[in-house]
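Engineer: Just passing along the structure, written as structure tokens.
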Amino acid sequence: MFDLMFRVVASLGLIAGLIYWLAYSWRDEDDWLCSVIKTTTLAPLALFWLVTSYLGQDPVWIMALGLGFGVLGDFCLSRPGPRAFLAGMAAFGIGHLIYAAALIARGAELGFDGVAGLEFWAAVALVALVVSTEIWLAPRTGALRWPVRAYVVLIAAMGVAAILVPANPGTAELRLGAALFIASDLFLAVRMFVLQRETPRRLLGAVLWPAYVLGQFLLFFGSVLFWTFPQA
């Protein structure tokens with residue numbers, strides 16, 4: 001029964017995600033059908049994950065809650081106007097904070113194993129990206145400068161948390177999911193505040209959506225492994 005429910009949820013999300021990608025992701029659209037399709041991509045998975053993990057007294061439900069805030073952010077960003085945009089940023093920011101806190105807490109349970117090699121350089125690259133936003137992004141955001149700055153810090157916290165998690169089943173998936181999530185937000189920032197020409201904006205819109213959805217799914221899959229199996 002569990003497997004059947006998951007297949008139904010995954011299939012529904014995949015269909016909705018493909019429709020949104022092909023019909024809406026590359027253009028600016030704010031009709032209600034667009035909002036429903038976009039939200040349906042991850043909402044069934046978030047609800048399924050939240051209910052099954054909570055009822056099963058599985059502590060990974062906190063990550064499901066983070067995905068739930070991401071779904072709320074998807075809906076808000078699909079609606080027009082600055083208030084909807086701010087609400088979407090706030091929802092995603094809370095989701096990133098939940099992800100970061102949950103990963104740090106689980107990493108502490110397993111025992112952190114330090115940062116070296118590629119982990120160190122990934123952290124350096126992330127810090128460099130955050131600092132660089134003061135040059136290429138912040139000056140272009142106008143009245144949204146401080147909300148955008150706060151959001152950059154929150155998503156960076158999630159990225160750092162993913163880098164710090166110890167080696168365990170699910171670690172690779174969590175890190176790749178976090179990286180894709182950060183990349184999708186980077187693409188969104190460039191699309192919204194930097195690019196002016198319509199063709200590059202459409203191309204970037206078509207790229208950021210699969211990066212975002214795949215990132216969220218990898219965070220889901222990696223979390224299930226990371227919370228279920230003992231340290232390797």
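We label chains A, B, ... in the order they appear in the structure tokens, count residues from 1 in each chain, and number ligands from 1 in the order shown.
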Excluding Gly222 in chain A and any residue of its chain fewer than 5 positions from it, enumerate the residues within 6 Å of it, using only C-alpha atoms, and give them as a list in words.

Structural biologist: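 Returned residues: Gly170, Glu173 and Leu174 of chain A.
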
Engineer: Find the spatial neighbours of range 20-26 of chain A, counting only C-alpha atoms, within a cut-off of 12 Å - ignore same-chain residues fewer than 4 positions away - and output them as an mmCIF file with N, CA and C atoms, in the first residue's frame.

Structural biologist:
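As written to disk, part_36.cif reads:
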```cif
data_model
loop_
_atom_site.group_PDB
_atom_site.id
_atom_site.type_symbol
_atom_site.label_atom_id
_atom_site.label_comp_id
_atom_site.auth_asym_id
_atom_site.auth_seq_id
_atom_site.Cartn_x
_atom_site.Cartn_y
_atom_site.Cartn_z
ATOM 1 N N GLY A 13 3.117 14.156 -9.418
ATOM 2 C CA GLY A 13 4.082 15.252 -9.398
ATOM 3 C C GLY A 13 4.873 15.341 -10.683
ATOM 4 N N LEU A 14 5.267 14.185 -11.231
ATOM 5 C CA LEU A 14 6.036 14.168 -12.474
ATOM 6 C C LEU A 14 5.230 14.740 -13.631
ATOM 7 N N ILE A 15 3.965 14.346 -13.726
ATOM 8 C CA ILE A 15 3.106 14.854 -14.805
ATOM 9 C C ILE A 15 2.940 16.371 -14.679
ATOM 10 N N ALA A 16 2.620 16.835 -13.454
ATOM 11 C CA ALA A 16 2.440 18.271 -13.243
ATOM 12 C C ALA A 16 3.732 19.028 -13.528
ATOM 13 N N ASP A 30 0.797 34.267 -14.802
ATOM 14 C CA ASP A 30 0.292 34.345 -13.441
ATOM 15 C C ASP A 30 -1.176 33.933 -13.327
ATOM 16 N N ASP A 31 -1.663 33.113 -14.284
ATOM 17 C CA ASP A 31 -3.039 32.667 -14.162
ATOM 18 C C ASP A 31 -3.134 31.532 -13.135
ATOM 19 N N TRP A 32 -4.326 31.256 -12.684
ATOM 20 C CA TRP A 32 -4.518 30.286 -11.604
ATOM 21 C C TRP A 32 -4.182 28.861 -12.027
ATOM 22 N N LEU A 33 -4.395 28.524 -13.284
ATOM 23 C CA LEU A 33 -4.040 27.183 -13.750
ATOM 24 C C LEU A 33 -2.544 26.957 -13.623
ATOM 25 N N CYS A 34 -1.766 27.978 -13.968
ATOM 26 C CA CYS A 34 -0.316 27.910 -13.803
ATOM 27 C C CYS A 34 0.047 27.656 -12.347
ATOM 28 N N SER A 35 -0.587 28.376 -11.424
ATOM 29 C CA SER A 35 -0.297 28.222 -9.999
ATOM 30 C C SER A 35 -0.619 26.817 -9.516
ATOM 31 N N VAL A 36 -1.773 26.285 -9.964
ATOM 32 C CA VAL A 36 -2.183 24.941 -9.541
ATOM 33 C C VAL A 36 -1.209 23.887 -10.045
ATOM 34 N N ILE A 37 -0.838 23.979 -11.322
ATOM 35 C CA ILE A 37 0.076 22.988 -11.893
ATOM 36 C C ILE A 37 1.440 23.062 -11.225
ATOM 37 N N LYS A 38 1.941 24.270 -11.034
ATOM 38 C CA LYS A 38 3.257 24.426 -10.403
ATOM 39 C C LYS A 38 3.253 23.860 -8.988
ATOM 40 N N THR A 39 2.227 24.177 -8.222
ATOM 41 C CA THR A 39 2.154 23.730 -6.832
ATOM 42 C C THR A 39 1.969 22.227 -6.741
ATOM 43 N N THR A 40 1.251 21.643 -7.698
ATOM 44 C CA THR A 40 0.974 20.207 -7.682
ATOM 45 C C THR A 40 2.229 19.376 -7.931
ATOM 46 N N THR A 41 3.261 19.984 -8.457
ATOM 47 C CA THR A 41 4.490 19.235 -8.738
ATOM 48 C C THR A 41 5.076 18.613 -7.473
ATOM 49 N N LEU A 42 5.141 19.372 -6.394
ATOM 50 C CA LEU A 42 5.766 18.867 -5.167
ATOM 51 C C LEU A 42 4.807 18.757 -3.985
ATOM 52 N N ASP A 74 6.480 27.996 -3.846
ATOM 53 C CA ASP A 74 6.145 27.820 -5.257
ATOM 54 C C ASP A 74 4.842 28.523 -5.597
ATOM 55 N N LEU A 77 5.232 32.433 -5.442
ATOM 56 C CA LEU A 77 6.007 32.984 -6.553
ATOM 57 C C LEU A 77 5.269 32.872 -7.884
ATOM 58 N N SER A 78 4.241 32.038 -7.939
ATOM 59 C CA SER A 78 3.463 31.921 -9.170
ATOM 60 C C SER A 78 2.392 32.996 -9.277
ATOM 61 N N LEU A 188 17.255 31.907 -10.870
ATOM 62 C CA LEU A 188 16.075 32.757 -10.690
ATOM 63 C C LEU A 188 16.481 34.209 -10.450
ATOM 64 N N ARG A 191 17.638 35.689 -13.668
ATOM 65 C CA ARG A 191 16.500 35.885 -14.565
ATOM 66 C C ARG A 191 15.659 37.100 -14.161
ATOM 67 N N GLU A 198 14.548 38.977 -23.614
ATOM 68 C CA GLU A 198 13.529 37.959 -23.389
ATOM 69 C C GLU A 198 14.029 36.544 -23.677
ATOM 70 N N THR A 199 14.802 36.347 -24.732
ATOM 71 C CA THR A 199 15.246 35.003 -25.090
ATOM 72 C C THR A 199 16.113 34.365 -24.003
ATOM 73 N N PRO A 200 17.149 35.057 -23.491
ATOM 74 C CA PRO A 200 17.920 34.460 -22.392
ATOM 75 C C PRO A 200 17.077 34.206 -21.145
ATOM 76 N N ARG A 201 16.115 35.080 -20.864
ATOM 77 C CA ARG A 201 15.263 34.887 -19.696
ATOM 78 C C ARG A 201 14.427 33.619 -19.845
ATOM 79 N N ARG A 202 13.913 33.386 -21.034
ATOM 80 C CA ARG A 202 13.116 32.176 -21.267
ATOM 81 C C ARG A 202 13.975 30.917 -21.160
ATOM 82 N N LEU A 203 15.163 30.961 -21.730
ATOM 83 C CA LEU A 203 16.054 29.803 -21.650
ATOM 84 C C LEU A 203 16.417 29.480 -20.202
ATOM 85 N N LEU A 204 16.701 30.517 -19.431
ATOM 86 C CA LEU A 204 17.065 30.299 -18.033
ATOM 87 C C LEU A 204 15.872 29.776 -17.230
ATOM 88 N N GLY A 205 14.684 30.260 -17.550
ATOM 89 C CA GLY A 205 13.488 29.756 -16.887
ATOM 90 C C GLY A 205 13.294 28.274 -17.139
ATOM 91 N N ALA A 206 13.573 27.825 -18.359
ATOM 92 C CA ALA A 206 13.429 26.418 -18.698
ATOM 93 C C ALA A 206 14.493 25.554 -18.028
ATOM 94 N N VAL A 207 15.634 26.153 -17.687
ATOM 95 C CA VAL A 207 16.710 25.410 -17.021
ATOM 96 C C VAL A 207 16.500 25.338 -15.515
ATOM 97 N N LEU A 208 16.047 26.436 -14.920
ATOM 98 C CA LEU A 208 15.980 26.479 -13.456
ATOM 99 C C LEU A 208 14.893 25.564 -12.899
ATOM 100 N N TRP A 209 13.802 25.356 -13.612
ATOM 101 C CA TRP A 209 12.722 24.532 -13.074
ATOM 102 C C TRP A 209 13.142 23.079 -12.845
ATOM 103 N N PRO A 210 13.716 22.370 -13.844
ATOM 104 C CA PRO A 210 14.159 21.002 -13.555
ATOM 105 C C PRO A 210 15.262 20.936 -12.510
ATOM 106 N N ALA A 211 16.131 21.950 -12.462
ATOM 107 C CA ALA A 211 17.172 21.968 -11.421
ATOM 108 C C ALA A 211 16.540 22.054 -10.042
ATOM 109 N N TYR A 212 15.523 22.891 -9.904
ATOM 110 C CA TYR A 212 14.839 23.054 -8.623
ATOM 111 C C TYR A 212 14.106 21.783 -8.214
ATOM 112 N N VAL A 213 13.315 21.224 -9.119
ATOM 113 C CA VAL A 213 12.524 20.037 -8.786
ATOM 114 C C VAL A 213 13.434 18.854 -8.458
#
```

Engineer: Determine the nearest neighbour of Gly142 in chain A from the options A:Tyr54, A:Pro82, A:Asp3, A:Ile163, counting only C-alpha atoms.

Structural biologist: A:Pro82

Engineer: Find, counting only C-alpha atoms, the residue in A:Ala116, A:Leu176, A:Leu86, A:Val224 that gets nearest to Ile62 in chain A.

Structural biologist: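 Of all the options, A:Val224 lies closest to Ile62 in chain A.
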
Engineer: Env of Phe2 in chain A: 12 Å cut, atoms = only C-alpha atoms, seq-sep filter 2 positions within chain, self excluded. Answer as a list in words.

Structural biologist: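 Counting only the stated atoms, we get Leu4, Met5, Phe6, Arg7, Val8, Val9, Phe48, Trp49, Val51, Thr52 and Ser53 of chain A.
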
Engineer: For the atom pair CA of Arg145 in chain A and CA of Gly177 in chain A, what is the interatomic distance in Å to one decimal place?

Structural biologist: 26.5 Å

Engineer: As a ChimeraX atom specification, list the residues of range 62-123 of chain A assigned to alpha helix (DSSP H) by DSSP on the backbone atoms of this structure.

Structural biologist: /A:62-77,82-110,118-123

Engineer: Selection from above, N, CA and C atoms, as a compact mmCIF listing (two decimals), in the first residue's frame, can you write it?

Structural biologist:
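Output file result.txt is given in full below:
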```
# COMPACT_ATOMS: atom_id res chain seq x y z
N ILE A 62 10.64 16.51 9.92
CA ILE A 62 11.03 17.92 9.94
C ILE A 62 11.52 18.35 8.56
N MET A 63 12.18 17.43 7.83
CA MET A 63 12.60 17.75 6.46
C MET A 63 11.38 17.85 5.54
N ALA A 64 10.38 17.01 5.80
CA ALA A 64 9.14 17.10 5.02
C ALA A 64 8.47 18.45 5.22
N LEU A 65 8.56 18.98 6.45
CA LEU A 65 8.01 20.30 6.72
C LEU A 65 8.75 21.36 5.91
N GLY A 66 10.06 21.20 5.79
CA GLY A 66 10.83 22.13 4.96
C GLY A 66 10.38 22.10 3.52
N LEU A 67 10.09 20.90 3.00
CA LEU A 67 9.58 20.79 1.63
C LEU A 67 8.22 21.44 1.53
N GLY A 68 7.40 21.30 2.58
CA GLY A 68 6.09 21.93 2.58
C GLY A 68 6.17 23.44 2.43
N PHE A 69 7.13 24.07 3.12
CA PHE A 69 7.31 25.51 2.96
C PHE A 69 7.79 25.84 1.55
N GLY A 70 8.56 24.93 0.94
CA GLY A 70 8.96 25.14 -0.44
C GLY A 70 7.76 25.14 -1.38
N VAL A 71 6.81 24.24 -1.11
CA VAL A 71 5.59 24.20 -1.92
C VAL A 71 4.81 25.51 -1.77
N LEU A 72 4.73 25.99 -0.53
CA LEU A 72 4.07 27.28 -0.30
C LEU A 72 4.79 28.39 -1.07
N GLY A 73 6.11 28.34 -1.08
CA GLY A 73 6.88 29.33 -1.84
C GLY A 73 6.61 29.23 -3.33
N ASP A 74 6.48 28.00 -3.85
CA ASP A 74 6.14 27.82 -5.26
C ASP A 74 4.84 28.52 -5.60
N PHE A 75 3.85 28.32 -4.74
CA PHE A 75 2.55 28.93 -5.00
C PHE A 75 2.65 30.46 -4.99
N CYS A 76 3.30 30.99 -3.96
CA CYS A 76 3.40 32.46 -3.85
C CYS A 76 4.15 33.07 -5.03
N LEU A 77 5.23 32.43 -5.44
CA LEU A 77 6.01 32.98 -6.55
C LEU A 77 5.27 32.87 -7.88
N PRO A 82 4.56 42.31 -5.83
CA PRO A 82 5.68 42.27 -4.89
C PRO A 82 5.34 41.57 -3.57
N ARG A 83 4.09 41.67 -3.12
CA ARG A 83 3.72 41.01 -1.87
C ARG A 83 3.81 39.50 -2.01
N ALA A 84 3.34 38.98 -3.13
CA ALA A 84 3.42 37.54 -3.37
C ALA A 84 4.88 37.10 -3.45
N PHE A 85 5.71 37.94 -4.09
CA PHE A 85 7.13 37.61 -4.20
C PHE A 85 7.79 37.57 -2.82
N LEU A 86 7.49 38.55 -1.99
CA LEU A 86 8.05 38.57 -0.64
C LEU A 86 7.56 37.38 0.18
N ALA A 87 6.28 37.04 0.04
CA ALA A 87 5.74 35.89 0.75
C ALA A 87 6.43 34.61 0.29
N GLY A 88 6.69 34.51 -1.01
CA GLY A 88 7.40 33.35 -1.53
C GLY A 88 8.81 33.25 -1.00
N MET A 89 9.52 34.38 -0.98
CA MET A 89 10.87 34.38 -0.42
C MET A 89 10.86 33.98 1.05
N ALA A 90 9.88 34.49 1.79
CA ALA A 90 9.79 34.16 3.22
C ALA A 90 9.54 32.67 3.41
N ALA A 91 8.64 32.10 2.60
CA ALA A 91 8.35 30.67 2.72
C ALA A 91 9.57 29.83 2.39
N PHE A 92 10.25 30.16 1.32
CA PHE A 92 11.46 29.42 0.97
C PHE A 92 12.55 29.62 2.01
N GLY A 93 12.65 30.85 2.54
CA GLY A 93 13.65 31.10 3.58
C GLY A 93 13.42 30.24 4.81
N ILE A 94 12.16 30.11 5.23
CA ILE A 94 11.84 29.25 6.37
C ILE A 94 12.17 27.80 6.04
N GLY A 95 11.86 27.40 4.80
CA GLY A 95 12.18 26.04 4.39
C GLY A 95 13.67 25.76 4.45
N HIS A 96 14.49 26.71 3.98
CA HIS A 96 15.95 26.55 4.05
C HIS A 96 16.42 26.46 5.50
N LEU A 97 15.84 27.28 6.35
CA LEU A 97 16.22 27.28 7.76
C LEU A 97 15.88 25.93 8.40
N ILE A 98 14.73 25.38 8.07
CA ILE A 98 14.34 24.06 8.58
C ILE A 98 15.29 22.99 8.08
N TYR A 99 15.58 23.01 6.78
CA TYR A 99 16.54 22.06 6.23
C TYR A 99 17.88 22.14 6.97
N ALA A 100 18.39 23.36 7.12
CA ALA A 100 19.69 23.55 7.75
C ALA A 100 19.69 23.03 9.19
N ALA A 101 18.66 23.39 9.95
CA ALA A 101 18.59 22.97 11.36
C ALA A 101 18.49 21.45 11.47
N ALA A 102 17.66 20.84 10.61
CA ALA A 102 17.50 19.39 10.66
C ALA A 102 18.78 18.66 10.29
N LEU A 103 19.47 19.14 9.26
CA LEU A 103 20.72 18.49 8.85
C LEU A 103 21.81 18.63 9.91
N ILE A 104 21.89 19.80 10.52
CA ILE A 104 22.89 19.99 11.58
C ILE A 104 22.57 19.09 12.78
N ALA A 105 21.29 19.00 13.14
CA ALA A 105 20.91 18.16 14.28
C ALA A 105 21.21 16.69 14.00
N ARG A 106 20.87 16.21 12.80
CA ARG A 106 21.14 14.82 12.46
C ARG A 106 22.64 14.58 12.33
N GLY A 107 23.37 15.55 11.78
CA GLY A 107 24.82 15.41 11.69
C GLY A 107 25.46 15.32 13.05
N ALA A 108 24.94 16.08 14.03
CA ALA A 108 25.46 16.03 15.39
C ALA A 108 25.21 14.65 16.01
N GLU A 109 24.06 14.05 15.70
CA GLU A 109 23.77 12.71 16.21
C GLU A 109 24.75 11.68 15.67
N LEU A 110 25.07 11.80 14.38
CA LEU A 110 25.97 10.84 13.75
C LEU A 110 27.43 11.13 14.07
N LEU A 118 37.33 18.26 -1.21
CA LEU A 118 36.27 18.89 -1.99
C LEU A 118 35.26 19.62 -1.11
N GLU A 119 35.04 19.11 0.10
CA GLU A 119 34.11 19.78 1.02
C GLU A 119 34.61 21.19 1.34
N PHE A 120 35.90 21.31 1.60
CA PHE A 120 36.48 22.62 1.91
C PHE A 120 36.31 23.58 0.73
N TRP A 121 36.62 23.10 -0.47
CA TRP A 121 36.54 23.98 -1.63
C TRP A 121 35.10 24.31 -1.99
N ALA A 122 34.19 23.38 -1.72
CA ALA A 122 32.77 23.68 -1.92
C ALA A 122 32.31 24.80 -0.98
N ALA A 123 32.80 24.75 0.27
CA ALA A 123 32.46 25.80 1.24
C ALA A 123 33.05 27.14 0.80
```

Engineer: My list of candidates is A:Leu45, A:Val60, A:Val115, A:Ala150. Which is closest to Ala167 in chain A when distances are computed with only C-alpha atoms?

Structural biologist: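 Closest candidate: A:Val115.
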
Engineer: Neighbouring residues of range 135-137 of chain A were defined as those with any atom within 12 Å, considering only C-alpha atoms; residues of the same chain fewer than 5 positions away were excluded. Please report them as a VMD selection string.

Structural biologist: chain A and resid 128 to 130 142 144 to 146 148 to 149 152 186 to 195

Engineer: Would you work out the distance separating CA of Ala157 in chain A from CA of Val124 in chain A, expressed in Å to one decimal?

Structural biologist: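 If I compute the distance from CA of Ala157 in chain A to CA of Val124 in chain A, I get 13.2 Å.
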